$ cat entry00.csv   # CSV, C-alpha atoms and all ligand atoms
chain,number,residue,atom,x,y,z
A,1,MET,CA,-81.3,89.5,-211.3
A,2,GLU,CA,-79.9,88.0,-208.0
A,3,LYS,CA,-80.4,84.4,-207.0
A,4,SER,CA,-83.3,83.8,-204.6
A,5,ILE,CA,-82.5,83.3,-201.0
A,6,ALA,CA,-84.2,80.3,-199.3
A,7,ILE,CA,-84.3,80.3,-195.5
A,8,ILE,CA,-84.4,76.9,-193.8
A,9,GLY,CA,-84.2,75.7,-190.2
A,10,PHE,CA,-86.3,74.3,-187.4
A,11,MET,CA,-89.8,75.5,-186.6
A,12,GLY,CA,-89.8,78.7,-184.7
A,13,VAL,CA,-86.1,79.6,-185.4
A,14,GLY,CA,-87.4,82.8,-187.2
A,15,LYS,CA,-87.5,82.0,-190.9
A,16,THR,CA,-90.8,83.8,-191.5
A,17,THR,CA,-89.9,86.9,-189.4
A,18,VAL,CA,-86.3,87.2,-190.8
A,19,GLY,CA,-87.5,86.5,-194.4
A,20,SER,CA,-90.0,89.4,-194.1
A,21,LEU,CA,-87.3,91.7,-192.7
A,22,LEU,CA,-84.9,90.8,-195.4
A,23,SER,CA,-87.4,91.5,-198.1
A,24,GLU,CA,-88.1,95.0,-196.7
A,25,LYS,CA,-84.4,95.7,-196.3
A,26,LEU,CA,-83.5,94.5,-199.8
A,27,ASN,CA,-86.7,95.6,-201.4
A,28,ARG,CA,-87.3,92.1,-202.8
A,29,THR,CA,-90.4,90.0,-203.1
A,30,PHE,CA,-91.1,87.9,-200.0
A,31,ILE,CA,-92.7,84.5,-200.2
A,32,ASP,CA,-93.5,82.5,-197.1
A,33,VAL,CA,-94.4,79.1,-198.5
A,34,ASP,CA,-96.7,78.2,-195.6
A,35,LYS,CA,-98.6,81.5,-196.0
A,36,GLU,CA,-98.9,80.9,-199.8
A,37,ILE,CA,-100.3,77.4,-199.2
A,38,GLU,CA,-102.7,78.8,-196.6
A,39,ARG,CA,-103.9,81.5,-198.9
A,40,TYR,CA,-104.3,79.2,-201.9
A,41,HIS,CA,-106.5,76.8,-199.9
A,42,ASP,CA,-108.0,79.4,-197.6
A,43,MET,CA,-107.2,77.2,-194.7
A,44,LYS,CA,-104.6,77.3,-191.8
A,45,ILE,CA,-101.8,74.8,-192.1
A,46,ARG,CA,-103.1,73.0,-189.0
A,47,ASP,CA,-106.5,72.6,-190.6
A,48,ILE,CA,-105.0,71.3,-193.8
A,49,PHE,CA,-103.2,68.7,-191.7
A,50,THR,CA,-106.4,67.7,-190.0
A,51,ALA,CA,-108.6,67.7,-193.1
A,52,TYR,CA,-106.3,66.2,-195.7
A,53,GLY,CA,-103.3,64.8,-193.8
A,54,GLU,CA,-99.6,65.6,-193.8
A,55,LYS,CA,-98.9,63.9,-197.1
A,56,MET,CA,-101.1,66.4,-199.0
A,57,PHE,CA,-99.4,69.3,-197.3
A,58,ARG,CA,-96.0,67.9,-198.2
A,59,ASP,CA,-97.1,67.6,-201.9
A,60,GLU,CA,-98.3,71.2,-201.9
A,61,GLU,CA,-95.0,72.3,-200.3
A,62,LYS,CA,-93.1,70.6,-203.1
A,63,LYS,CA,-95.2,72.2,-205.8
A,64,PHE,CA,-95.0,75.7,-204.4
A,65,ILE,CA,-91.3,75.6,-203.6
A,66,SER,CA,-90.4,74.1,-207.0
A,67,TYR,CA,-92.0,77.1,-208.6
A,68,TYR,CA,-90.8,79.9,-206.3
A,69,ALA,CA,-87.2,78.7,-206.0
A,70,LYS,CA,-86.8,79.4,-209.7
A,71,GLN,CA,-88.1,83.0,-209.5
A,72,PRO,CA,-84.9,85.1,-209.3
A,73,GLY,CA,-84.6,87.7,-206.6
A,74,THR,CA,-87.2,86.2,-204.3
A,75,ILE,CA,-86.8,85.9,-200.5
A,76,LEU,CA,-88.3,82.5,-199.7
A,77,SER,CA,-89.0,81.3,-196.2
A,78,LEU,CA,-89.6,77.6,-196.2
A,79,GLY,CA,-91.4,75.5,-193.6
A,80,GLY,CA,-89.1,73.6,-191.2
A,81,GLY,CA,-90.0,70.2,-192.8
A,82,ALA,CA,-89.4,71.2,-196.4
A,83,PHE,CA,-85.9,69.8,-196.7
A,84,LEU,CA,-87.2,66.4,-195.7
A,85,GLN,CA,-88.0,66.0,-199.4
A,86,GLU,CA,-84.9,65.5,-201.6
A,87,GLU,CA,-86.5,67.2,-204.6
A,88,ILE,CA,-87.1,70.4,-202.6
A,89,LYS,CA,-83.5,70.2,-201.3
A,90,ASP,CA,-82.1,69.7,-204.8
A,91,VAL,CA,-84.0,72.5,-206.4
A,92,CYS,CA,-83.2,75.0,-203.6
A,93,MET,CA,-79.5,74.1,-203.5
A,94,ALA,CA,-79.3,74.5,-207.3
A,95,GLN,CA,-81.4,77.7,-207.7
A,96,CYS,CA,-81.0,79.6,-204.4
A,97,HIS,CA,-78.6,80.8,-201.7
A,98,VAL,CA,-79.7,78.4,-198.9
A,99,VAL,CA,-79.4,80.1,-195.5
A,100,PHE,CA,-79.8,77.8,-192.5
A,101,LEU,CA,-80.9,79.5,-189.4
A,102,ASP,CA,-79.8,77.5,-186.4
A,103,ILE,CA,-80.7,77.7,-182.7
A,104,SER,CA,-79.7,75.9,-179.6
A,105,TRP,CA,-82.3,73.8,-177.7
A,106,GLU,CA,-81.9,76.0,-174.6
A,107,ILE,CA,-83.0,79.1,-176.5
A,108,TRP,CA,-85.6,77.3,-178.6
A,109,LYS,CA,-87.4,75.7,-175.7
A,110,SER,CA,-88.4,79.1,-174.3
A,111,ARG,CA,-90.6,79.6,-177.4
A,112,ILE,CA,-92.3,76.2,-177.2
A,113,ASP,CA,-95.6,77.4,-175.8
A,114,GLU,CA,-96.2,80.1,-178.4
A,115,LEU,CA,-95.3,77.8,-181.2
A,116,MET,CA,-97.5,74.9,-180.2
A,117,GLU,CA,-100.8,76.2,-181.4
A,118,ASP,CA,-100.1,76.7,-185.1
A,119,ARG,CA,-97.6,73.8,-185.6
A,120,PRO,CA,-99.4,70.5,-186.0
A,121,VAL,CA,-96.1,68.6,-186.0
A,122,LEU,CA,-95.4,69.7,-182.4
A,123,ARG,CA,-98.9,69.1,-181.1
A,124,ASN,CA,-99.5,66.1,-178.8
A,125,LYS,CA,-95.8,65.6,-178.3
A,126,THR,CA,-94.0,65.7,-174.9
A,127,THR,CA,-91.1,68.1,-174.5
A,128,GLU,CA,-88.8,65.1,-174.7
A,129,GLU,CA,-90.3,64.0,-178.0
A,130,ILE,CA,-90.0,67.5,-179.4
A,131,ARG,CA,-86.4,67.5,-178.3
A,132,GLN,CA,-85.8,64.3,-180.2
A,133,LEU,CA,-87.4,65.8,-183.3
A,134,PHE,CA,-85.1,68.8,-182.8
A,135,GLU,CA,-82.1,66.6,-182.8
A,136,GLU,CA,-83.3,64.4,-185.7
A,137,ARG,CA,-83.9,67.4,-187.9
A,138,LYS,CA,-80.3,68.6,-187.6
A,139,SER,CA,-79.3,66.2,-190.4
A,140,VAL,CA,-82.1,67.5,-192.6
A,141,TYR,CA,-80.5,71.0,-192.6
A,142,ARG,CA,-77.0,69.7,-193.4
A,143,ASP,CA,-77.2,70.9,-197.0
A,144,HIS,CA,-77.0,74.7,-197.1
A,145,HIS,CA,-74.7,77.5,-198.3
A,146,GLU,CA,-74.6,79.6,-195.2
A,147,ARG,CA,-75.4,78.8,-191.5
A,148,PHE,CA,-76.1,81.3,-188.9
A,149,LEU,CA,-76.5,80.5,-185.2
A,150,THR,CA,-79.2,83.0,-184.0
A,151,ASP,CA,-78.8,82.6,-180.3
A,152,GLY,CA,-78.7,86.0,-178.6
A,153,TYR,CA,-79.5,87.9,-181.8
A,154,THR,CA,-82.7,89.8,-182.4
A,155,GLU,CA,-84.6,89.1,-185.6
A,156,GLU,CA,-83.3,92.4,-187.0
A,157,GLN,CA,-79.7,91.5,-186.2
A,158,VAL,CA,-80.1,88.1,-187.9
A,159,ALA,CA,-81.4,89.8,-191.1
A,160,ASP,CA,-78.5,92.3,-191.0
A,161,VAL,CA,-75.9,89.6,-190.6
A,162,ILE,CA,-77.3,87.6,-193.5
A,163,ILE,CA,-77.1,90.7,-195.7
A,164,GLU,CA,-73.5,91.2,-194.6
A,165,ARG,CA,-72.6,87.6,-195.1
A,166,LEU,CA,-74.1,87.4,-198.6
A,167,SER,CA,-72.6,90.7,-199.5
A,168,LEU,CA,-76.0,92.1,-200.4
A,169,THR,CA,-77.1,95.7,-200.2
B,201,LIG,N1,-84.0,86.1,-183.2
B,201,LIG,C1,-85.1,86.0,-182.5
B,201,LIG,N2,-85.2,86.3,-181.2
B,201,LIG,C2,-86.3,86.2,-180.4
B,201,LIG,N3,-87.5,85.7,-180.9
B,201,LIG,C3,-87.5,85.4,-182.2
B,201,LIG,C4,-86.4,85.5,-183.1
B,201,LIG,N4,-86.7,85.0,-184.3
B,201,LIG,C5,-88.0,84.7,-184.2
B,201,LIG,N5,-88.5,84.9,-183.0
B,201,LIG,C6,-89.9,84.7,-182.6
B,201,LIG,O1,-90.2,83.3,-182.7
B,201,LIG,C7,-91.5,83.0,-183.2
B,201,LIG,C8,-91.4,82.2,-184.4
B,201,LIG,O2,-90.9,82.9,-185.5
B,201,LIG,P1,-91.2,82.6,-187.0
B,201,LIG,O3,-90.5,83.6,-187.8
B,201,LIG,O4,-92.6,82.3,-187.2
B,201,LIG,O5,-90.3,81.2,-187.1
B,201,LIG,P2,-90.4,80.1,-188.2
B,201,LIG,O6,-90.9,80.7,-189.5
B,201,LIG,O7,-88.9,79.7,-188.4
B,201,LIG,O8,-91.2,79.0,-187.7
B,201,LIG,C9,-92.1,84.4,-183.4
B,201,LIG,O9,-92.9,84.8,-182.3
B,201,LIG,C10,-90.9,85.3,-183.5
B,201,LIG,O10,-91.2,86.7,-183.1
B,202,LIG,O1,-91.2,71.5,-189.5
B,202,LIG,C1,-92.3,71.2,-190.1
B,202,LIG,O2,-92.6,70.0,-190.4
B,202,LIG,C2,-93.3,72.2,-190.3
B,202,LIG,C3,-93.0,73.6,-190.1
B,202,LIG,C4,-93.9,74.7,-190.3
B,202,LIG,O3,-93.3,75.9,-190.7
B,202,LIG,P1,-92.3,76.7,-189.8
B,202,LIG,O4,-91.0,76.1,-189.7
B,202,LIG,O5,-92.3,78.1,-190.4
B,202,LIG,O6,-93.0,76.8,-188.4
B,202,LIG,C5,-95.0,74.3,-191.3
B,202,LIG,O7,-94.5,74.2,-192.6
B,202,LIG,C6,-95.7,73.0,-190.9
B,202,LIG,O8,-96.4,73.2,-189.7
B,202,LIG,C7,-94.7,71.8,-190.8
B,203,MG,MG,-92.5,80.1,-190.8
$ encode --input "entry00.csv" --output "structure tokens" --more "lines below"
Ligand SMILES: Nc1ncnc2c1ncn2[C@@H]1O[C@H](COP(=O)(O)OP(=O)(O)O)[C@@H](O)[C@H]1O
Ligand SMILES: O=C(O)C1=C[C@@H](OP(=O)(O)O)[C@@H](O)[C@H](O)C1
Ligand SMILES: [Mg+2]
Amino acid sequence: MEKSIAIIGFMGVGKTTVGSLLSEKLNRTFIDVDKEIERYHDMKIRDIFTAYGEKMFRDEEKKFISYYAKQPGTILSLGGGAFLQEEIKDVCMAQCHVVFLDISWEIWKSRIDELMEDRPVLRNKTTEEIRQLFEERKSVYRDHHERFLTDGYTEEQVADVIIERLSLT
């Protein structure tokens, strides 16, 4: 069985959308870690943040990813903050093809309004503060096996390029 593919990158770059497309195209199991956590707790991520705090969410993230990264053949879309935790980074780098979806600030900022509602990390921040976070997070995604700059590509095209790059069919 093939290694799992773990998709990383900043919030809103397209990890969930592209992961789902990849799983359809490759006929592989798709796990969106945030959705799994939401399903398990029957709560939206933003409500988990409000009720239990970010630390609890990060612990859950680590538990779920440590399990799923070791399941061969899975397409795994991570949350944008997952690689803040060294343990998550280590298990993914060892067990998966880690694909970093990148995006320029200019393109990303056009998505800002639609992203705000479901992403507690962005809430109550000014555009300038979000831009700072965007810059700071670049170092978090430094460890990866493949990087793809998504600017100007549709979700479908991004999925197709990943398949080509990883020589998957
Ligand atoms: N390549 C793309 N071009 C245009 N819009 C995109 C692209 N990838 C994702 N989007 C849009 O951006 C939003 C966030 O996508 P999502 O897959 O949830 O990102 P993530 O999981 O990285 O946070 C969605 O509305 C999605 O349709
Ligand atoms: O970057 C982050 O800290 C987060 C990203 C989110 O996932 P997406 O990257 O899929 O939006 C989600 O895990 C949570 O809101 C925290
Ligand atoms: Mg997502």
$ closest_residue --input "entry00.csv" --among "A:Val140, A:Val99, A:Ile8, A:Ile37" --to "Met56 (chain A)" --atoms "only C-alpha atoms"
A:Ile37
$ closest_atom_pairs --input "entry00.csv" --of "chain A" --to "ligand MG 203 (chain B)" --cutoff "10 Å" --atoms "all atoms listed in the file" --output "Markdown table"
| residue | atom | partner | partner_atom | distance |
| --- | --- | --- | --- | --- |
| A:Ile7 | CA | B:MG203 | MG | 9.5 |
| A:Ile8 | CA | B:MG203 | MG | 9.2 |
| A:Gly9 | CA | B:MG203 | MG | 9.4 |
| A:Phe10 | CA | B:MG203 | MG | 9.1 |
| A:Met11 | CA | B:MG203 | MG | 6.8 |
| A:Gly12 | CA | B:MG203 | MG | 6.8 |
| A:Val13 | CA | B:MG203 | MG | 8.4 |
| A:Gly14 | CA | B:MG203 | MG | 6.8 |
| A:Lys15 | CA | B:MG203 | MG | 5.3 |
| A:Thr16 | CA | B:MG203 | MG | 4.1 |
| A:Thr17 | CA | B:MG203 | MG | 7.4 |
| A:Val18 | CA | B:MG203 | MG | 9.4 |
| A:Gly19 | CA | B:MG203 | MG | 8.9 |
| A:Asp32 | CA | B:MG203 | MG | 6.8 |
| A:Val33 | CA | B:MG203 | MG | 8.0 |
| A:Asp34 | CA | B:MG203 | MG | 6.7 |
| A:Lys35 | CA | B:MG203 | MG | 8.1 |
| A:Ser77 | CA | B:MG203 | MG | 6.5 |
| A:Leu78 | CA | B:MG203 | MG | 6.6 |
| A:Gly79 | CA | B:MG203 | MG | 5.5 |
| A:Gly80 | CA | B:MG203 | MG | 7.3 |
| A:Arg119 | CA | B:MG203 | MG | 9.6 |
$ closest_atom_pairs --input "entry00.csv" --of "region 25-111 of chain A" --to "region 150-153 of chain A" --cutoff "9 Å" --atoms "all atoms listed in the file" --output "CSV"
residue,atom,partner,partner_atom,distance
A:Leu101,CA,A:Thr150,CA,6.7
A:Asp102,CA,A:Thr150,CA,6.0
A:Ile103,CA,A:Thr150,CA,5.7
A:Ser104,CA,A:Asp151,CA,6.8
A:Ile107,CA,A:Asp151,CA,6.7
A:Trp108,CA,A:Asp151,CA,8.8
$ residues_around --input "entry00.csv" --residues "Glu38 (chain A)" --least-positions-apart "4" --cutoff "12 Å" --atoms "only C-alpha atoms" --output "PyMOL selection string"
chain A and resi 32-34+42-49+57+60-61+64+118
$ closest_residue --input "entry00.csv" --among "A:Ile112, A:Glu86, A:Thr154, A:Thr29" --to "Lys125 (chain A)" --atoms "only C-alpha atoms"
A:Ile112
$ residues_near_point --input "entry00.csv" --point "(-78.9, 74.3, -198.7)" --cutoff "7 Å" --atoms "all atoms listed in the file" --output "list in words"
Lys89, Cys92, Met93, Val98, Val99, Asp143, His144 and His145 of chain A
$ closest_residue --input "entry00.csv" --among "A:Ser167, A:Thr50, A:Gln157, A:Thr74" --to "ligand LIG 202 (chain B)" --atoms "all atoms listed in the file"
A:Thr50
$ atom_distance --input "entry00.csv" --atom1 "CA of Arg147 (chain A)" --atom2 "atom N4 of ligand LIG 201 (chain B)"
14.8 Å
$ closest_residue --input "entry00.csv" --among "A:Leu122, A:Phe83, A:Ala94, A:Val158" --to "Lys138 (chain A)" --atoms "only C-alpha atoms"
A:Phe83
$ atom_distance --input "entry00.csv" --atom1 "CA of Glu156 (chain A)" --atom2 "atom O4 of ligand LIG 201 (chain B)"
13.7 Å
$ atom_distance --input "entry00.csv" --atom1 "CA of Ile75 (chain A)" --atom2 "CA of Ser4 (chain A)"
5.8 Å
$ closest_residue --input "entry00.csv" --among "A:Ile130, A:Ile5, A:Ala69, A:Met116" --to "ligand LIG 201 (chain B)" --atoms "only C-alpha atoms and all ligand atoms"
A:Met116
$ residues_around --input "entry00.csv" --residues "Asp59 (chain A)" --least-positions-apart "5" --cutoff "12 Å" --atoms "only C-alpha atoms" --output "list of chain:residue names"
A:Ile37, A:Ile48, A:Phe49, A:Tyr52, A:Gly53, A:Glu54, A:Phe64, A:Ile65, A:Ser66, A:Gly81, A:Ala82, A:Leu84, A:Gln85, A:Glu87, A:Ile88
$ write_last_selection --input "entry00.csv" --atoms "C-alpha atoms" --output "JSON list (two decimals), in the coordinates of the input"
[["chain", "number", "residue", "atom", "x", "y", "z"],
["A", 37, "ILE", "CA", -100.30, 77.40, -199.20],
["A", 48, "ILE", "CA", -105.00, 71.30, -193.80],
["A", 49, "PHE", "CA", -103.20, 68.70, -191.70],
["A", 52, "TYR", "CA", -106.30, 66.20, -195.70],
["A", 53, "GLY", "CA", -103.30, 64.80, -193.80],
["A", 54, "GLU", "CA", -99.60, 65.60, -193.80],
["A", 64, "PHE", "CA", -95.00, 75.70, -204.40],
["A", 65, "ILE", "CA", -91.30, 75.60, -203.60],
["A", 66, "SER", "CA", -90.40, 74.10, -207.00],
["A", 81, "GLY", "CA", -90.00, 70.20, -192.80],
["A", 82, "ALA", "CA", -89.40, 71.20, -196.40],
["A", 84, "LEU", "CA", -87.20, 66.40, -195.70],
["A", 85, "GLN", "CA", -88.00, 66.00, -199.40],
["A", 87, "GLU", "CA", -86.50, 67.20, -204.60],
["A", 88, "ILE", "CA", -87.10, 70.40, -202.60]]
$ residues_near_point --input "entry00.csv" --point "(-73.0, 88.3, -198.8)" --cutoff "12 Å" --atoms "all atoms listed in the file" --output "PyMOL selection string"
chain A and resi 2-3+5+97-99+145-146+159-169
$ write_last_selection --input "entry00.csv" --atoms "C-alpha atoms" --output "PDB file, in the frame of the given file"
ATOM      1  CA  GLU A   2     -79.900  88.000-208.000  1.00  0.00           C
ATOM      2  CA  LYS A   3     -80.400  84.400-207.000  1.00  0.00           C
ATOM      3  CA  ILE A   5     -82.500  83.300-201.000  1.00  0.00           C
ATOM      4  CA  HIS A  97     -78.600  80.800-201.700  1.00  0.00           C
ATOM      5  CA  VAL A  98     -79.700  78.400-198.900  1.00  0.00           C
ATOM      6  CA  VAL A  99     -79.400  80.100-195.500  1.00  0.00           C
ATOM      7  CA  HIS A 145     -74.700  77.500-198.300  1.00  0.00           C
ATOM      8  CA  GLU A 146     -74.600  79.600-195.200  1.00  0.00           C
ATOM      9  CA  ALA A 159     -81.400  89.800-191.100  1.00  0.00           C
ATOM     10  CA  ASP A 160     -78.500  92.300-191.000  1.00  0.00           C
ATOM     11  CA  VAL A 161     -75.900  89.600-190.600  1.00  0.00           C
ATOM     12  CA  ILE A 162     -77.300  87.600-193.500  1.00  0.00           C
ATOM     13  CA  ILE A 163     -77.100  90.700-195.700  1.00  0.00           C
ATOM     14  CA  GLU A 164     -73.500  91.200-194.600  1.00  0.00           C
ATOM     15  CA  ARG A 165     -72.600  87.600-195.100  1.00  0.00           C
ATOM     16  CA  LEU A 166     -74.100  87.400-198.600  1.00  0.00           C
ATOM     17  CA  SER A 167     -72.600  90.700-199.500  1.00  0.00           C
ATOM     18  CA  LEU A 168     -76.000  92.100-200.400  1.00  0.00           C
ATOM     19  CA  THR A 169     -77.100  95.700-200.200  1.00  0.00           C
TER      20      THR A 169
END
$ decode --input "entry00.csv" --residues "region 56-75 of chain A" --atoms "N, CA and C atoms" --output "short mmCIF file (atom, residue, chain, number, x, y, z; two decimals), in the first residue's frame"
data_model
loop_
_atom_site.label_atom_id
_atom_site.label_comp_id
_atom_site.auth_asym_id
_atom_site.auth_seq_id
_atom_site.Cartn_x
_atom_site.Cartn_y
_atom_site.Cartn_z
N MET A 56 -6.62 22.39 24.15
CA MET A 56 -7.35 21.13 24.05
C MET A 56 -7.46 20.73 22.58
N PHE A 57 -7.75 21.71 21.71
CA PHE A 57 -7.83 21.42 20.29
C PHE A 57 -6.50 20.88 19.77
N ARG A 58 -5.40 21.51 20.18
CA ARG A 58 -4.07 21.09 19.71
C ARG A 58 -3.76 19.66 20.18
N ASP A 59 -4.18 19.32 21.39
CA ASP A 59 -3.95 17.96 21.90
C ASP A 59 -4.74 16.95 21.06
N GLU A 60 -5.96 17.31 20.73
CA GLU A 60 -6.79 16.43 19.90
C GLU A 60 -6.16 16.27 18.52
N GLU A 61 -5.69 17.38 17.99
CA GLU A 61 -5.06 17.39 16.67
C GLU A 61 -3.88 16.39 16.67
N LYS A 62 -3.09 16.45 17.71
CA LYS A 62 -1.92 15.56 17.80
C LYS A 62 -2.35 14.09 17.86
N LYS A 63 -3.37 13.82 18.66
CA LYS A 63 -3.86 12.44 18.81
C LYS A 63 -4.37 11.90 17.47
N PHE A 64 -5.21 12.67 16.81
CA PHE A 64 -5.82 12.21 15.56
C PHE A 64 -4.75 12.03 14.47
N ILE A 65 -3.86 13.00 14.36
CA ILE A 65 -2.85 12.92 13.28
C ILE A 65 -1.87 11.78 13.54
N SER A 66 -1.48 11.60 14.79
CA SER A 66 -0.54 10.51 15.09
C SER A 66 -1.13 9.17 14.66
N TYR A 67 -2.44 9.04 14.80
CA TYR A 67 -3.09 7.80 14.37
C TYR A 67 -3.19 7.72 12.84
N TYR A 68 -3.76 8.74 12.23
CA TYR A 68 -4.05 8.65 10.79
C TYR A 68 -2.81 8.69 9.90
N ALA A 69 -1.76 9.35 10.35
CA ALA A 69 -0.54 9.42 9.52
C ALA A 69 0.04 8.04 9.29
N LYS A 70 -0.26 7.13 10.20
CA LYS A 70 0.30 5.78 10.10
C LYS A 70 -0.60 4.82 9.32
N GLN A 71 -1.74 5.31 8.85
CA GLN A 71 -2.63 4.45 8.05
C GLN A 71 -2.23 4.58 6.59
N PRO A 72 -1.67 3.56 5.99
CA PRO A 72 -1.19 3.68 4.62
C PRO A 72 -2.30 4.02 3.64
N GLY A 73 -1.95 4.75 2.61
CA GLY A 73 -2.90 5.02 1.52
C GLY A 73 -3.88 6.14 1.77
N THR A 74 -3.82 6.76 2.93
CA THR A 74 -4.79 7.80 3.26
C THR A 74 -4.39 9.15 2.66
N ILE A 75 -5.39 9.95 2.30
CA ILE A 75 -5.15 11.35 1.96
C ILE A 75 -5.57 12.15 3.19
#
